[in-house]
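Visitor: Contents of structure29.pdb (PDB, C-alpha atoms) are given next:
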ATOM      1  CA  MET A  73      -6.494 -14.595  -4.373
ATOM      2  CA  GLN A  74      -3.496 -12.683  -5.700
ATOM      3  CA  ARG A  75      -5.600 -11.684  -8.693
ATOM      4  CA  ALA A  76      -8.402 -10.518  -6.380
ATOM      5  CA  ILE A  77      -5.924  -8.396  -4.406
ATOM      6  CA  PHE A  78      -4.603  -6.889  -7.635
ATOM      7  CA  LEU A  79      -8.130  -5.981  -8.691
ATOM      8  CA  ALA A  80      -8.947  -4.430  -5.317
ATOM      9  CA  LYS A  81      -6.019  -2.028  -5.717
ATOM     10  CA  LYS A  82      -7.537  -0.560  -8.885
ATOM     11  CA  ALA A  83      -9.737   1.762  -6.815
ATOM     12  CA  PRO A  84      -7.559   4.466  -5.181
ATOM     13  CA  ASN A  85     -10.111   5.429  -2.535
ATOM     14  CA  THR A  86     -13.330   3.603  -1.612
ATOM     15  CA  SER A  87     -13.881   5.560   1.629
ATOM     16  CA  PRO A  88     -15.702   4.817   3.860
ATOM     17  CA  ASN A  89     -15.837   1.284   2.451
ATOM     18  CA  PRO A  90     -13.023  -1.265   2.225
ATOM     19  CA  LYS A  91     -11.184  -2.118  -0.978
ATOM     20  CA  VAL A  92     -12.361  -5.491  -2.243
ATOM     21  CA  GLY A  93     -11.560  -7.640  -5.245
ATOM     22  CA  ALA A  94     -13.338 -10.821  -6.404
ATOM     23  CA  VAL A  95     -12.649 -13.551  -8.974
ATOM     24  CA  ILE A  96     -14.945 -16.417 -10.044
ATOM     25  CA  LEU A  97     -13.513 -19.655 -11.455
ATOM     26  CA  GLN A  98     -15.315 -22.357 -13.389
ATOM     27  CA  ASN A  99     -13.250 -25.457 -14.227
ATOM     28  CA  ASP A 100     -10.081 -23.562 -13.246
ATOM     29  CA  LYS A 101     -10.843 -20.749 -15.696
ATOM     30  CA  VAL A 102     -11.706 -17.163 -14.783
ATOM     31  CA  VAL A 103     -15.295 -16.472 -15.842
ATOM     32  CA  GLY A 104     -15.941 -13.270 -13.919
ATOM     33  CA  GLU A 105     -14.134 -10.699 -11.811
ATOM     34  CA  GLY A 106     -14.698  -7.307 -10.275
ATOM     35  CA  TRP A 107     -13.605  -4.756  -7.720
ATOM     36  CA  HIS A 108     -15.418  -2.250  -5.540
ATOM     37  CA  GLU A 109     -14.998   1.194  -7.124
ATOM     38  CA  LYS A 110     -16.520   3.468  -4.492
ATOM     39  CA  ALA A 111     -19.235   3.688  -1.852
ATOM     40  CA  GLY A 112     -22.693   3.242  -3.336
ATOM     41  CA  ARG A 113     -21.429   1.254  -6.331
ATOM     42  CA  PRO A 114     -21.917  -2.544  -6.575
ATOM     43  CA  HIS A 115     -19.623  -4.648  -4.427
ATOM     44  CA  ALA A 116     -16.824  -6.654  -6.018
ATOM     45  CA  GLU A 117     -18.695  -9.960  -5.673
ATOM     46  CA  ILE A 118     -21.791  -8.617  -7.413
ATOM     47  CA  LEU A 119     -19.786  -7.319 -10.366
ATOM     48  CA  ALA A 120     -17.968 -10.649 -10.664
ATOM     49  CA  LEU A 121     -21.295 -12.527 -10.593
ATOM     50  CA  GLN A 122     -22.786 -10.243 -13.247
ATOM     51  CA  ARG A 123     -19.813 -10.690 -15.543
ATOM     52  CA  ALA A 124     -19.815 -14.470 -15.073
ATOM     53  CA  GLY A 125     -23.503 -14.713 -15.954
ATOM     54  CA  ALA A 126     -24.774 -18.314 -16.186
ATOM     55  CA  LYS A 127     -21.277 -19.692 -15.588
ATOM     56  CA  THR A 128     -21.533 -19.208 -11.810
ATOM     57  CA  GLU A 129     -23.397 -22.490 -11.153
ATOM     58  CA  GLY A 130     -21.015 -24.804  -9.300
ATOM     59  CA  GLY A 131     -18.147 -22.314  -9.530
ATOM     60  CA  SER A 132     -15.647 -21.022  -6.980
ATOM     61  CA  LEU A 133     -15.385 -17.465  -5.698
ATOM     62  CA  PHE A 134     -12.188 -15.871  -4.400
ATOM     63  CA  VAL A 135     -12.795 -12.615  -2.522
ATOM     64  CA  THR A 136     -10.415 -10.530  -0.408
ATOM     65  CA  LEU A 137     -13.002  -9.766   2.315
ATOM     66  CA  GLU A 138     -15.836 -11.820   3.799
ATOM     67  CA  PRO A 139     -19.014 -11.144   1.770
ATOM     68  CA  CYS A 140     -21.346  -8.730   3.526
ATOM     69  CA  HIS A 141     -24.520 -10.066   5.135
ATOM     70  CA  HIS A 142     -26.584  -6.915   5.632
ATOM     71  CA  PHE A 143     -28.652  -4.364   3.754
ATOM     72  CA  GLY A 144     -26.674  -1.116   3.460
ATOM     73  CA  ARG A 145     -26.540   1.016   0.328
ATOM     74  CA  THR A 146     -26.663  -2.301  -1.538
ATOM     75  CA  PRO A 147     -28.254  -5.711  -0.774
ATOM     76  CA  PRO A 148     -26.198  -8.443   0.966
ATOM     77  CA  CYS A 149     -23.603 -10.171  -1.212
ATOM     78  CA  SER A 150     -23.994 -13.430   0.712
ATOM     79  CA  ALA A 151     -27.526 -13.993  -0.589
ATOM     80  CA  ALA A 152     -26.504 -13.175  -4.170
ATOM     81  CA  ILE A 153     -23.619 -15.647  -4.004
ATOM     82  CA  LEU A 154     -25.911 -18.417  -2.763
ATOM     83  CA  LYS A 155     -28.539 -17.654  -5.413
ATOM     84  CA  ALA A 156     -25.893 -17.770  -8.148
ATOM     85  CA  GLY A 157     -25.065 -21.384  -7.291
ATOM     86  CA  ILE A 158     -21.471 -20.793  -6.156
ATOM     87  CA  LYS A 159     -20.295 -23.949  -4.344
ATOM     88  CA  LYS A 160     -16.935 -22.853  -2.924
ATOM     89  CA  VAL A 161     -15.926 -19.496  -1.456
ATOM     90  CA  PHE A 162     -12.338 -18.621  -0.540
ATOM     91  CA  ILE A 163     -12.046 -15.553   1.704
ATOM     92  CA  GLY A 164      -8.969 -13.450   2.367
ATOM     93  CA  MET A 165     -10.042 -12.051   5.739
ATOM     94  CA  SER A 166     -13.095 -11.983   7.981
ATOM     95  CA  ASP A 167     -15.124  -8.784   8.231
ATOM     96  CA  PRO A 168     -14.430  -7.031  11.596
ATOM     97  CA  ASN A 169     -17.491  -4.805  11.188
ATOM     98  CA  PRO A 170     -20.246  -6.441  13.273
ATOM     99  CA  THR A 171     -22.915  -4.735  11.156
ATOM    100  CA  ALA A 172     -21.782  -6.404   7.923
ATOM    101  CA  ALA A 173     -20.207  -9.644   9.182
ATOM    102  CA  GLY A 174     -21.851 -13.053   9.041
ATOM    103  CA  GLY A 175     -21.634 -13.834   5.351
ATOM    104  CA  ALA A 176     -19.279 -16.782   5.815
ATOM    105  CA  ASP A 177     -21.506 -18.459   8.425
ATOM    106  CA  PHE A 178     -24.599 -17.865   6.286
ATOM    107  CA  LEU A 179     -22.997 -19.534   3.281
ATOM    108  CA  ARG A 180     -21.720 -22.497   5.336
ATOM    109  CA  THR A 181     -25.168 -22.999   6.852
ATOM    110  CA  ASN A 182     -26.607 -23.169   3.347
ATOM    111  CA  GLY A 183     -24.227 -25.796   2.061
ATOM    112  CA  VAL A 184     -21.469 -23.688   0.516
ATOM    113  CA  GLU A 185     -17.895 -24.778   1.225
ATOM    114  CA  VAL A 186     -16.083 -21.809   2.777
ATOM    115  CA  GLU A 187     -12.388 -21.388   3.525
ATOM    116  CA  SER A 188     -11.082 -18.226   5.172
ATOM    117  CA  GLY A 189      -7.661 -16.700   5.832
ATOM    118  CA  ILE A 190      -6.289 -17.040   2.289
ATOM    119  CA  LEU A 191      -3.353 -14.590   1.985
ATOM    120  CA  GLU A 192      -4.785 -12.822   5.024
ATOM    121  CA  PRO A 193      -1.742 -10.584   5.769
ATOM    122  CA  GLU A 194      -1.843  -9.217   2.216
ATOM    123  CA  CYS A 195      -5.586  -8.657   2.417
ATOM    124  CA  ARG A 196      -5.247  -6.834   5.729
ATOM    125  CA  LYS A 197      -2.460  -4.626   4.364
ATOM    126  CA  LEU A 198      -4.774  -3.680   1.519
ATOM    127  CA  ASN A 199      -7.282  -2.215   3.990
ATOM    128  CA  GLN A 200      -5.258  -0.684   6.807
ATOM    129  CA  ILE A 201      -7.168   2.593   6.480
ATOM    130  CA  TRP A 202     -10.552   0.912   6.813
ATOM    131  CA  LEU A 203      -9.371  -1.422   9.573
ATOM    132  CA  LYS A 204      -8.186   1.517  11.678
ATOM    133  CA  ASN A 205     -11.497   3.298  11.102
ATOM    134  CA  ILE A 206     -13.348   0.235  12.425
ATOM    135  CA  ALA A 207     -10.985  -0.447  15.334
ATOM    136  CA  LYS A 208     -10.296   3.092  16.591
ATOM    137  CA  GLY A 209     -12.917   5.434  15.172
ATOM    138  CA  LEU A 210     -10.086   7.679  13.957
ATOM    139  CA  PRO A 211      -8.644   8.612  10.565
ATOM    140  CA  PHE A 212      -5.614   6.720   9.293
ATOM    141  CA  VAL A 213      -2.645   9.118   9.167
ATOM    142  CA  ALA A 214       0.224   8.725   6.696
ATOM    143  CA  LEU A 215       3.088  11.181   7.222
ATOM    144  CA  LYS A 216       4.985  12.159   4.050
ATOM    145  CA  LEU A 217       8.222  14.108   4.163
ATOM    146  CA  ALA A 218      10.643  15.302   1.501
ATOM    147  CA  LEU A 219      14.233  15.468   2.796
ATOM    148  CA  ASP A 220      17.515  16.505   1.273
ATOM    149  CA  GLU A 221      20.686  14.477   1.819
ATOM    150  CA  ARG A 222      21.234  16.207   5.185
ATOM    151  CA  GLY A 223      17.710  15.503   6.411
ATOM    152  CA  SER A 224      16.382  19.044   5.957
ATOM    153  CA  THR A 225      12.906  19.826   4.630
ATOM    154  CA  ILE A 226      13.950  23.285   3.385
ATOM    155  CA  PRO A 227      14.796  23.560  -0.345
ATOM    156  CA  PRO A 228      18.174  25.043  -1.328
ATOM    157  CA  VAL A 229      18.291  28.787  -2.017
ATOM    158  CA  GLY A 230      16.763  29.529  -5.389
ATOM    159  CA  LYS A 231      14.896  26.231  -5.648
ATOM    160  CA  LYS A 232      11.246  25.460  -4.932
ATOM    161  CA  TRP A 233      11.527  21.716  -4.355
ATOM    162  CA  ILE A 234      13.902  19.260  -2.725
ATOM    163  CA  THR A 235      12.879  16.173  -4.656
ATOM    164  CA  SER A 236      12.582  15.308  -8.342
ATOM    165  CA  GLU A 237       9.639  15.661 -10.692
ATOM    166  CA  LYS A 238       9.287  11.856 -10.644
ATOM    167  CA  SER A 239       8.871  11.941  -6.872
ATOM    168  CA  ARG A 240       6.311  14.718  -7.084
ATOM    169  CA  ARG A 241       4.280  12.709  -9.606
ATOM    170  CA  GLU A 242       4.368   9.764  -7.210
ATOM    171  CA  VAL A 243       3.098  12.009  -4.411
ATOM    172  CA  MET A 244       0.146  12.949  -6.622
ATOM    173  CA  LYS A 245      -0.676   9.255  -6.984
ATOM    174  CA  MET A 246      -0.442   8.809  -3.218
ATOM    175  CA  ARG A 247      -2.799  11.704  -2.537
ATOM    176  CA  ARG A 248      -5.544   9.927  -4.513
ATOM    177  CA  ASN A 249      -5.703   7.263  -1.781
ATOM    178  CA  PHE A 250      -6.718   9.671   0.975
ATOM    179  CA  ASP A 251      -9.773  11.678   1.952
ATOM    180  CA  ALA A 252      -7.661  14.675   2.952
ATOM    181  CA  VAL A 253      -4.237  16.246   2.482
ATOM    182  CA  ALA A 254      -3.013  18.164   5.527
ATOM    183  CA  VAL A 255      -0.204  20.609   6.332
ATOM    184  CA  GLY A 256       0.697  23.104   9.012
ATOM    185  CA  VAL A 257       0.076  26.794   8.427
ATOM    186  CA  GLY A 258       3.821  27.379   8.060
ATOM    187  CA  THR A 259       3.790  25.487   4.787
ATOM    188  CA  ILE A 260       0.899  27.595   3.502
ATOM    189  CA  VAL A 261       2.626  30.858   4.407
ATOM    190  CA  ALA A 262       5.967  29.773   2.945
ATOM    191  CA  ASP A 263       4.884  27.953  -0.237
ATOM    192  CA  ASP A 264       1.190  28.706  -0.954
ATOM    193  CA  PRO A 265       0.616  25.128  -2.246
ATOM    194  CA  GLN A 266      -2.576  23.877  -3.923
ATOM    195  CA  LEU A 267      -2.507  20.456  -2.179
ATOM    196  CA  THR A 268      -4.499  18.865  -5.009
ATOM    197  CA  VAL A 269      -4.138  15.900  -7.344
ATOM    198  CA  ARG A 270      -3.109  17.234 -10.736
ATOM    199  CA  SER A 271      -2.590  15.592 -14.150
ATOM    200  CA  LEU A 272      -4.330  12.426 -12.964
ATOM    201  CA  LYS A 273      -7.912  11.278 -13.360
ATOM    202  CA  ILE A 274      -9.768  11.600 -10.062
ATOM    203  CA  ALA A 275     -13.483  11.744  -9.251
ATOM    204  CA  LYS A 276     -13.106  14.059  -6.261
ATOM    205  CA  GLN A 277     -10.210  16.111  -4.976
ATOM    206  CA  PRO A 278      -9.147  15.412  -1.380
ATOM    207  CA  VAL A 279     -10.184  17.907   1.254
ATOM    208  CA  ARG A 280      -7.366  20.252   2.327
ATOM    209  CA  ILE A 281      -6.760  20.483   6.093
ATOM    210  CA  ILE A 282      -4.649  23.333   7.433
ATOM    211  CA  PHE A 283      -3.530  23.149  11.065
ATOM    212  CA  ASP A 284      -3.679  26.869  11.816
ATOM    213  CA  PRO A 285      -4.240  27.551  15.548
ATOM    214  CA  ASN A 286      -4.162  31.338  15.235
ATOM    215  CA  LEU A 287      -5.724  31.725  11.755
ATOM    216  CA  ARG A 288      -2.609  32.951   9.946
ATOM    217  CA  THR A 289      -3.631  31.527   6.551
ATOM    218  CA  PRO A 290      -3.703  34.483   4.108
ATOM    219  CA  ALA A 291      -7.083  35.226   2.565
ATOM    220  CA  THR A 292      -5.388  35.032  -0.846
ATOM    221  CA  ALA A 293      -3.988  31.516  -0.275
ATOM    222  CA  LYS A 294      -4.706  29.080  -3.109
ATOM    223  CA  VAL A 295      -6.353  26.619  -0.717
ATOM    224  CA  LEU A 296      -8.989  29.275   0.006
ATOM    225  CA  THR A 297      -9.476  30.720  -3.481
ATOM    226  CA  ASP A 298      -9.430  27.806  -5.948
ATOM    227  CA  GLY A 299     -12.934  26.542  -5.218
ATOM    228  CA  GLY A 300     -11.913  23.325  -3.466
ATOM    229  CA  GLU A 301     -12.907  22.281   0.047
ATOM    230  CA  THR A 302     -10.593  23.394   2.854
ATOM    231  CA  ILE A 303     -10.858  22.943   6.616
ATOM    232  CA  LEU A 304      -8.902  25.306   8.859
ATOM    233  CA  VAL A 305      -8.163  23.664  12.189
ATOM    234  CA  SER A 306      -8.078  26.588  14.601
ATOM    235  CA  ARG A 307      -8.675  27.054  18.299
ATOM    236  CA  ARG A 308     -11.806  29.016  17.450
ATOM    237  CA  ASP A 309     -13.488  26.189  15.536
ATOM    238  CA  PHE A 310     -12.097  23.164  17.346
ATOM    239  CA  LYS A 311     -12.028  24.763  20.819
ATOM    240  CA  SER A 312      -8.686  23.127  21.586
ATOM    241  CA  LEU A 313      -5.855  21.712  19.547
ATOM    242  CA  ASP A 314      -5.678  18.377  21.304
ATOM    243  CA  LEU A 315      -4.751  16.532  18.129
ATOM    244  CA  ARG A 316      -6.464  13.282  19.076
ATOM    245  CA  LYS A 317      -9.727  15.136  19.698
ATOM    246  CA  VAL A 318      -9.301  17.034  16.442
ATOM    247  CA  LEU A 319      -8.820  13.770  14.540
ATOM    248  CA  ARG A 320     -11.959  12.365  16.113
ATOM    249  CA  GLN A 321     -13.915  15.465  15.070
ATOM    250  CA  LEU A 322     -12.547  15.163  11.545
ATOM    251  CA  PHE A 323     -13.553  11.488  11.513
ATOM    252  CA  ASP A 324     -17.067  12.495  12.529
ATOM    253  CA  ARG A 325     -17.081  14.882   9.546
ATOM    254  CA  GLY A 326     -16.303  12.027   7.166
ATOM    255  CA  ILE A 327     -12.509  12.338   6.968
ATOM    256  CA  TYR A 328     -11.342   8.728   7.282
ATOM    257  CA  SER A 329      -7.765   9.075   6.027
ATOM    258  CA  ILE A 330      -5.216  11.906   6.070
ATOM    259  CA  PHE A 331      -2.065  12.375   3.995
ATOM    260  CA  LEU A 332       0.002  14.600   6.284
ATOM    261  CA  GLU A 333       2.573  16.680   4.414
ATOM    262  CA  GLY A 334       4.530  19.777   5.297
ATOM    263  CA  GLY A 335       7.541  20.248   7.524
ATOM    264  CA  LEU A 336       9.134  18.838  10.636
ATOM    265  CA  THR A 337       7.075  20.936  13.069
ATOM    266  CA  ILE A 338       3.730  19.309  12.280
ATOM    267  CA  ALA A 339       5.441  15.930  11.839
ATOM    268  CA  GLU A 340       6.976  16.146  15.302
ATOM    269  CA  ARG A 341       3.628  16.986  16.914
ATOM    270  CA  PHE A 342       1.858  14.022  15.342
ATOM    271  CA  LEU A 343       4.714  11.587  16.024
ATOM    272  CA  LYS A 344       5.027  12.711  19.635
ATOM    273  CA  LYS A 345       1.326  12.039  20.215
ATOM    274  CA  GLY A 346       1.529   8.597  18.586
ATOM    275  CA  LEU A 347      -0.984   9.572  15.888
ATOM    276  CA  VAL A 348       0.990   8.486  12.810
ATOM    277  CA  ASP A 349       0.297   5.061  11.300
ATOM    278  CA  GLN A 350       2.648   5.146   8.315
ATOM    279  CA  VAL A 351       5.712   7.214   7.393
ATOM    280  CA  LEU A 352       6.774   7.867   3.787
ATOM    281  CA  ILE A 353      10.021   9.709   3.105
ATOM    282  CA  PHE A 354      11.414  10.868  -0.224
ATOM    283  CA  GLN A 355      15.098  11.672   0.306
ATOM    284  CA  ASN A 356      17.292  13.252  -2.330
ATOM    285  CA  LYS A 357      20.754  11.687  -2.747
ATOM    286  CA  SER A 358      20.210   9.466   0.264
ATOM    287  CA  ARG A 359      23.360   8.262   2.033
ATOM    288  CA  GLY A 360      21.627   5.834   4.344
ATOM    289  CA  THR A 361      18.429   5.420   6.330
ATOM    290  CA  PRO A 362      17.205   8.883   7.426
ATOM    291  CA  LYS A 363      16.003   9.858  10.853
ATOM    292  CA  VAL A 364      12.682  11.607  11.375
ATOM    293  CA  CYS A 365      12.571  14.354  13.997
ATOM    294  CA  GLY A 366      15.542  12.685  15.689
ATOM    295  CA  ARG A 367      13.782   9.326  15.713
ATOM    296  CA  LYS A 368      15.300   6.220  14.196
ATOM    297  CA  LEU A 369      12.312   4.476  12.652
ATOM    298  CA  ALA A 370      12.235   1.025  11.052
ATOM    299  CA  LEU A 371      12.391   2.502   7.551
ATOM    300  CA  LYS A 372      12.679   0.289   4.488
ATOM    301  CA  LYS A 373      13.627   1.295   0.957
ATOM    302  CA  ILE A 374      10.648   0.677  -1.303
ATOM    303  CA  GLY A 375      11.453   2.628  -4.466
ATOM    304  CA  LYS A 376      13.735   4.914  -6.478
ATOM    305  CA  PHE A 377      12.592   8.053  -8.307
ATOM    306  CA  GLY A 378      15.536   9.558 -10.117
ATOM    307  CA  GLU A 379      18.005  10.702  -7.460
ATOM    308  CA  ASP A 380      15.406  10.223  -4.735
ATOM    309  CA  THR A 381      14.899   7.163  -2.550
ATOM    310  CA  LEU A 382      11.480   6.389  -1.094
ATOM    311  CA  PHE A 383      11.481   4.937   2.415
ATOM    312  CA  GLU A 384       8.505   3.549   4.335
ATOM    313  CA  ALA A 385       7.898   2.715   7.971
ATOM    314  CA  VAL A 386       4.687   1.088   9.201
ATOM    315  CA  LEU A 387       4.265   2.283  12.778
ATOM    316  CA  LYS A 388       0.954   0.553  13.515
ATOM    317  CA  GLU A 389      -0.895  -2.368  12.003
ATOM    318  CA  TYR A 390      -4.593  -3.115  12.315
TER     319      TYR A 390
END
Would you mind writing the file's structure down as structure tokens?
Guide:
Amino acid sequence: MQRAIFLAKKAPNTSPNPKVGAVILQNDKVVGEGWHEKAGRPHAEILALQRAGAKTEGGSLFVTLEPCHHFGRTPPCSAAILKAGIKKVFIGMSDPNPTAAGGADFLRTNGVEVESGILEPECRKLNQIWLKNIAKGLPFVALKLALDERGSTIPPVGKKWITSEKSRREVMKMRRNFDAVAVGVGTIVADDPQLTVRSLKIAKQPVRIIFDPNLRTPATAKVLTDGGETILVSRRDFKSLDLRKVLRQLFDRGIYSIFLEGGLTIAERFLKKGLVDQVLIFQNKSRGTPKVCGRKLALKKIGKFGEDTLFEAVLKEY
């Protein structure tokens, strides 16, 4: 199952689908494996079956998520698994989506030995974005901040950034995992950022979301002139700036995950409303665990990037 989880992580963003990895064993040897790349592409189980070929008969399948049992963009994986002659299926977690669930029961009914809950916490962590989408009908929100040693988000005089180039490259990798990158209008006015993924292979750039109640974004801003997709969240278009309602409207537009960057003003608004699921902080020359908008969160050190320390706090789990 650890191998299946590793494979599932190969796809940065499978929105609106979950990340799934699958491994097929025959006589304790891997004969096929696969991962779901993006919506509309074959599911992980199907790819693993195709790569295993005739070696599936009597084999065992390890898959991070219960095989689907419905016709969506692709046929049900449960039927393909049964047809391939797989005799044992080990599942990381059950499918909470009532439309797709039922694969485990179908396989059991047809004589396949099924065991579920294998490394379930790890499999759930893999799909927190998708699990929130299913449970709440809202986008998953990850708040990212760059802080100096004093906890400020403002670069020193004469400098453009607080954190190192290594940290900024890591942020690019993080952006690939989300449908949208969002900031407040203050960041646009002050820095004129592109808010894109650069120097990395990516099929589609994330949508840029600018929280701009009074439409102060300059017409010459890069987010409006570089040809990418940008959504301005204003009172005119969203009628109010009740952030929970705005998130629901964005979800209805196909924005299932948001990487919220920018400064402390937008961070404070989202934290105060309880709309942040994960906090990521890059702090330069850290002298201890930082506070966020005066809050002492359960931050853990998870990495070093030059002189910067990366902290993470998981505020909600699904």
Visitor: For stretch 85-98 of chain A, take all atoms listed in the file, fit an axis-aligned box around them, add 3 Å to each of the six sides, then output centre and edge lengths in Å rounded to one decimal, as JSON.
Guide:
{"center_x": -13.0, "center_y": -8.4, "center_z": -4.8, "size_x": 11.7, "size_y": 33.9, "size_z": 23.2}
Visitor: Counting only C-alpha atoms, what is within 7 Å of A:Gly334, bar same-chain residues fewer than 2 positions away, as number ranges by chain?
Guide: A: 217, 255-256, 259, 332
Visitor: Kindly give the distance, in Å, that separates atom CA of A:Tyr328 and atom CA of A:Thr381, rounded to a single decimal.
Guide: 28.1 Å
Visitor: Between A:Pro168, A:Pro114, A:Pro278, A:Pro290, which one has atoms that come closest to A:Thr302, using all atoms listed in the file?
Guide: A:Pro278
Visitor: Could you write out as a list in words the residues that the PyMOL selection byres ((chain A and resi 77) around 10) matches in the shown file?
Guide: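 On the file shown, the PyMOL selection byres ((chain A and resi 77) around 10) covers Met73, Gln74, Arg75, Ala76, Phe78, Leu79, Ala80, Lys81, Lys82, Lys91, Val92, Gly93, Ala94, Val95, Trp107, Phe134, Val135, Thr136, Leu137, Gly164, Leu191, Glu194, Cys195 and Leu198 of chain A.
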Visitor: Might you spell out which residues the PyMOL selection byres ((chain A and resi 294) around 9) would select in the displayed file, as a PDB file with C-alpha atoms, in the frame of the given file?
Guide:
ATOM      1  CA  ILE A 260       0.899  27.595   3.502  1.00  0.00           C
ATOM      2  CA  ASP A 264       1.190  28.706  -0.954  1.00  0.00           C
ATOM      3  CA  PRO A 265       0.616  25.128  -2.246  1.00  0.00           C
ATOM      4  CA  GLN A 266      -2.576  23.877  -3.923  1.00  0.00           C
ATOM      5  CA  LEU A 267      -2.507  20.456  -2.179  1.00  0.00           C
ATOM      6  CA  ALA A 291      -7.083  35.226   2.565  1.00  0.00           C
ATOM      7  CA  THR A 292      -5.388  35.032  -0.846  1.00  0.00           C
ATOM      8  CA  ALA A 293      -3.988  31.516  -0.275  1.00  0.00           C
ATOM      9  CA  VAL A 295      -6.353  26.619  -0.717  1.00  0.00           C
ATOM     10  CA  LEU A 296      -8.989  29.275   0.006  1.00  0.00           C
ATOM     11  CA  THR A 297      -9.476  30.720  -3.481  1.00  0.00           C
ATOM     12  CA  ASP A 298      -9.430  27.806  -5.948  1.00  0.00           C
ATOM     13  CA  GLY A 299     -12.934  26.542  -5.218  1.00  0.00           C
TER      14      GLY A 299
END
Visitor: Name every residue that the PyMOL selection byres ((chain A and resi 147) around 12) selects in this structure, writing the answer as a short mmCIF file (atom, residue, chain, number, x, y, z; two decimals) with C-alpha atoms, keeping the file's coordinate frame with chains first and numbers rising.
Guide:
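After the write, selection29.cif holds the following:
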data_model
loop_
_atom_site.label_atom_id
_atom_site.label_comp_id
_atom_site.auth_asym_id
_atom_site.auth_seq_id
_atom_site.Cartn_x
_atom_site.Cartn_y
_atom_site.Cartn_z
CA GLY A 112 -22.69 3.24 -3.34
CA ARG A 113 -21.43 1.25 -6.33
CA PRO A 114 -21.92 -2.54 -6.58
CA HIS A 115 -19.62 -4.65 -4.43
CA GLU A 117 -18.70 -9.96 -5.67
CA ILE A 118 -21.79 -8.62 -7.41
CA PRO A 139 -19.01 -11.14 1.77
CA CYS A 140 -21.35 -8.73 3.53
CA HIS A 141 -24.52 -10.07 5.14
CA HIS A 142 -26.58 -6.92 5.63
CA PHE A 143 -28.65 -4.36 3.75
CA GLY A 144 -26.67 -1.12 3.46
CA ARG A 145 -26.54 1.02 0.33
CA THR A 146 -26.66 -2.30 -1.54
CA PRO A 148 -26.20 -8.44 0.97
CA CYS A 149 -23.60 -10.17 -1.21
CA SER A 150 -23.99 -13.43 0.71
CA ALA A 151 -27.53 -13.99 -0.59
CA ALA A 152 -26.50 -13.18 -4.17
CA ILE A 153 -23.62 -15.65 -4.00
CA ALA A 172 -21.78 -6.40 7.92
#
Visitor: Restricting the calculation to all atoms listed in the file: of A:Glu129, A:Asp349, A:Glu105, A:Glu333, which residue gets closest to A:Leu219?
Guide: A:Glu333
Visitor: Could you jot down the atom CA of A:Gly183 to atom CA of A:Phe162 separation for me, Å, one decimal place?
Guide: 14.1 Å
